[in-house]
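Trainee: Have a look at this one before I ask anything.
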Amino acid sequence: NVHMAHMDIHFTHSTNGVAALHTEILKNTELHGFYELYPEKFNNKTNGITFRRWLLECNPALTAEIEGLIGPGFKKDAAELEKLLPYADAATADINILQQLAQIKAKNKKALSDWLARTQGVQLNCEAMFDIQAKRLHEYKRQQLNLLYLIHQYLEIKAGHTPAVPLVSIFGAKAAPAYTIAKDIIHALLTLSRVIAADPETSQWLQLVFIENYNVTAAEKLIPACDLSEQISLASKEASGTGNMKFMLNGALTLGTMDGANVEIADLVGGDDIYIFGASSGQVIHRYAAGDYDPREWYEADPNLRRAIDFLTGPEMLAEGREENLARLKNELIGKDWFQTLPDFNAYLVRKGQAVADYAFDPLGWTRRTLVNIAKAGYFSSDRTIAEYDRDIWHLGE
């Protein structure tokens with residue numbers, strides 16, 4: 001067998017990962033043999049995003065506010081966003097500026113709600129926290145973990161335990177045509193959305209919306225409106241991600257695992273301004289190597305987890321959805337769960353609960369922390385990425 005990737009690594013002069021963690025995994029596991037042969041070829045080039053589209057074009061109100069604070073230089077040099085940091089300092093933060101940023105976010109949420117009302121006939125509760133997971137539908141990205149959380153919240157509300165603030169949970173995703181389980185996850189989310197919407201007891205606290213035909217146009221509406229950015233892939237599986245960067249740039253806080261570029265986001269903003277949870281990449285890789293992960297053990301041991309999974313084939317879901325799809329997803333979670341959703345379930349509940357409480361009880365503190373994220377987002381400009389490729393690999397100016 002001749003592998004194209006092996007030929008590429010042998011004959012080219014550079015092999016790079018697209019985030020710090022990704023590069024280390026290539027060097028230490030996936031391509032370790034090649035790294036031993038050619039250590040000088042391996043380097044990292046963390047992905048970037050086009051700030052002209054993902055800030056200037058899709059969020060003009062935030063762009064104008066930033067320009068009023070630090071001038072226009074950030075439009076050409078994204079590193080200048082760090083000039084915002086004095087406004088985000090806990091000791092010197094200007095309440096008026098924070099309130100203005102909160103108003104911009106509120107207007108963006110209203111704009112998203114109006115757009116969804118026009119395109120899908122869906123009206124959002126703009127007083128709620130907007131929690132968004134927008135990315136390709138794949139088990140490693142773990143929309144199913146978010147699904148289990150929403151089932152848990154539904155059941156908690158039914159039991160009389162209401163959240164600190166209403167939650168609007170928005171999904172934007174597509175699945176490969178032949179990816180059966182991914183499509184089963186979509187089916188379960190759509191089914192749950194109907195169950196919640198039909199129940200007046202839960203629908204005032206919880207709303208689940210699936211964006212139809214998710215694309216760049218939709219992303220330009222979603223990203224400026226986001227409060228909490230879901231970046232919950234299984235650690236070690238996401239090469240980089242760029243949605244995490246776009247949400248960060250537009251003033252969302254990240255709820256995520258230490259995976260892909262989440263690692264760099266956490267390093268840049270510090271632990272207080274991001275919500276990290278779950279197993280580390282090392283723990284995940286060890287589980288795969290040992291081959292001893294049995295999801296049924298987690299299912300049997302945790303009553304909250306078992307309750308959420310069993311709900312998939314309970315009477316509420318079966319009344320709205322198809323038993324074949326729901327049962328297949330349930331069996332996949334209990335019998336395989338290749339991307340280790342179940343071990344991270346409780347940590348996800350706790351960390352997301354903390355994010356919801358912080359948003360509800362300290363709104364100015366929340367906005368101050370979003371400003372830290374905006375100020376630190378300049379590193380993720382594609383201008384920086386391309387400059388590094390040229391400096392270290394392409395040498396176009398030579």
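To be explicit about the labels: the chains of the structure tokens are called A, B, and onward in the order shown, and within each one the residues are counted from 1, while ligands get numbers from 1 in the order they are shown.
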May I have the residues within 9 Å of segment 272-289 of chain A as number ranges by chain, using only C-alpha atoms and disregarding those fewer than 2 positions away in the same chain?

Mentor: A: 21, 25, 232, 234-237, 253-259, 262, 265-266, 269-270, 291-293, 340, 343-348, 350-352, 354-355, 366, 369-370, 372-373

Trainee: Tell me which protein, DNA and RNA residues are within 12 Å of Leu84 of chain A, counting only C-alpha atoms, leaving out same-chain ones fewer than 2 positions away, and put them as a PyMOL selection string.

Mentor: chain A and resi 65-71+74+78-82+86-89+92-94+97-98+368-378

Trainee: Using only C-alpha atoms, which residues sit within 12 Å of His161 of chain A once same-chain residues fewer than 5 positions away are excluded, as a ChimeraX atom specification?

Mentor: /A:152-156,201-202,205

Trainee: Go ahead and write the residues just picked, all heavy atoms, as a compact mmCIF listing (two decimals), in the first residue's frame.

Mentor:
```txt
# COMPACT_ATOMS: atom_id res chain seq x y z
N HIS A 152 -31.77 16.76 30.28
CA HIS A 152 -31.62 16.90 31.74
C HIS A 152 -32.32 18.16 32.23
O HIS A 152 -33.05 18.13 33.23
CB HIS A 152 -30.14 16.92 32.10
CG HIS A 152 -29.88 17.17 33.56
ND1 HIS A 152 -29.93 16.18 34.51
CD2 HIS A 152 -29.58 18.32 34.24
CE1 HIS A 152 -29.67 16.69 35.70
NE2 HIS A 152 -29.45 17.98 35.56
N GLN A 153 -32.13 19.29 31.52
CA GLN A 153 -32.76 20.55 31.92
C GLN A 153 -34.28 20.45 31.82
O GLN A 153 -34.99 20.96 32.70
CB GLN A 153 -32.25 21.70 31.06
CG GLN A 153 -30.85 22.16 31.42
CD GLN A 153 -30.78 22.65 32.86
OE1 GLN A 153 -30.29 21.95 33.75
NE2 GLN A 153 -31.30 23.83 33.11
N TYR A 154 -34.77 19.84 30.76
CA TYR A 154 -36.22 19.64 30.60
C TYR A 154 -36.78 18.89 31.81
O TYR A 154 -37.79 19.28 32.41
CB TYR A 154 -36.49 18.89 29.31
CG TYR A 154 -37.92 18.44 29.13
CD1 TYR A 154 -38.87 19.28 28.57
CD2 TYR A 154 -38.31 17.16 29.52
CE1 TYR A 154 -40.19 18.87 28.41
CE2 TYR A 154 -39.63 16.73 29.36
CZ TYR A 154 -40.56 17.59 28.81
OH TYR A 154 -41.86 17.18 28.66
N LEU A 155 -36.12 17.81 32.18
CA LEU A 155 -36.59 16.98 33.29
C LEU A 155 -36.47 17.72 34.63
O LEU A 155 -37.32 17.57 35.51
CB LEU A 155 -35.81 15.67 33.32
CG LEU A 155 -36.08 14.74 32.12
CD1 LEU A 155 -35.08 13.59 32.10
CD2 LEU A 155 -37.52 14.22 32.13
N GLU A 156 -35.42 18.52 34.79
CA GLU A 156 -35.27 19.30 36.02
C GLU A 156 -36.37 20.34 36.15
O GLU A 156 -36.92 20.56 37.24
CB GLU A 156 -33.89 19.97 36.04
CG GLU A 156 -32.74 19.02 36.29
CD GLU A 156 -32.79 18.41 37.69
OE1 GLU A 156 -32.58 19.15 38.67
OE2 GLU A 156 -33.08 17.20 37.80
N GLU A 201 -45.00 24.40 30.56
CA GLU A 201 -44.22 24.42 31.80
C GLU A 201 -42.73 24.60 31.52
O GLU A 201 -42.02 25.28 32.28
CB GLU A 201 -44.47 23.11 32.56
CG GLU A 201 -43.90 23.09 33.97
CD GLU A 201 -44.24 21.80 34.70
OE1 GLU A 201 -44.81 20.88 34.08
OE2 GLU A 201 -43.91 21.71 35.89
N THR A 202 -42.24 24.02 30.43
CA THR A 202 -40.81 24.09 30.13
C THR A 202 -40.47 25.13 29.07
O THR A 202 -39.37 25.67 29.06
CB THR A 202 -40.29 22.72 29.65
OG1 THR A 202 -41.06 22.29 28.51
CG2 THR A 202 -40.41 21.68 30.76
N TRP A 205 -38.89 28.47 29.84
CA TRP A 205 -37.51 28.45 30.34
C TRP A 205 -36.50 27.91 29.33
O TRP A 205 -35.31 28.19 29.43
CB TRP A 205 -37.44 27.58 31.61
CG TRP A 205 -38.15 28.16 32.77
CD1 TRP A 205 -39.38 27.81 33.24
CD2 TRP A 205 -37.70 29.24 33.59
NE1 TRP A 205 -39.71 28.59 34.31
CE2 TRP A 205 -38.70 29.48 34.56
CE3 TRP A 205 -36.54 30.02 33.62
CZ2 TRP A 205 -38.58 30.47 35.53
CZ3 TRP A 205 -36.43 31.00 34.58
CH2 TRP A 205 -37.43 31.22 35.52
```

Trainee: Quick one: pick out all helix (DSSP H, G or I) residues within segment 58-104 of chain A from a backbone DSSP run and write them as a PyMOL selection string.

Mentor: chain A and resi 60-70+72-75+78-88+95-104

Trainee: Quote the spacing between atom CA of Asp131 of chain A and atom CA of Cys226 of chain A in Å to one decimal place.

Mentor: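 Separating atom CA of Asp131 of chain A from atom CA of Cys226 of chain A is a distance of 6.4 Å.
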
Trainee: I need the residue nearest Phe210 of chain A from this list: A:Ile170, A:Ala90, A:Leu364, A:Ile9. Use only C-alpha atoms for the distance.

Mentor: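 Closest residue, counting only C-alpha atoms: A:Ile170.
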
Trainee: Considering only strand (DSSP E) as DSSP defines it on the backbone, what residues of segment 239-333 of chain A qualify? List them as a list in words.

Mentor: Leu253, Thr254, Leu255, Gly256, Tyr275 and Ile276 of chain A

Trainee: Just to confirm, what's the straight-line distance from atom CA of Gln133 of chain A to atom CA of Asn146 of chain A in Å (one decimal)?

Mentor: 8.6 Å

Trainee: Out of A:Asn304, A:Asn1, A:Thr23, A:Ser14, which residue has the shortest atom-to-atom distance to Glu238 of chain A when counting only C-alpha atoms?

Mentor: A:Thr23

Trainee: Do a neighbour search on segment 306-317 of chain A at 6 Å with only C-alpha atoms, toss out local chain neighbours closer than 6 positions, and write the hits as a list in words.

Mentor: Leu148, Ile151, His152, Tyr299 and Leu326 of chain A
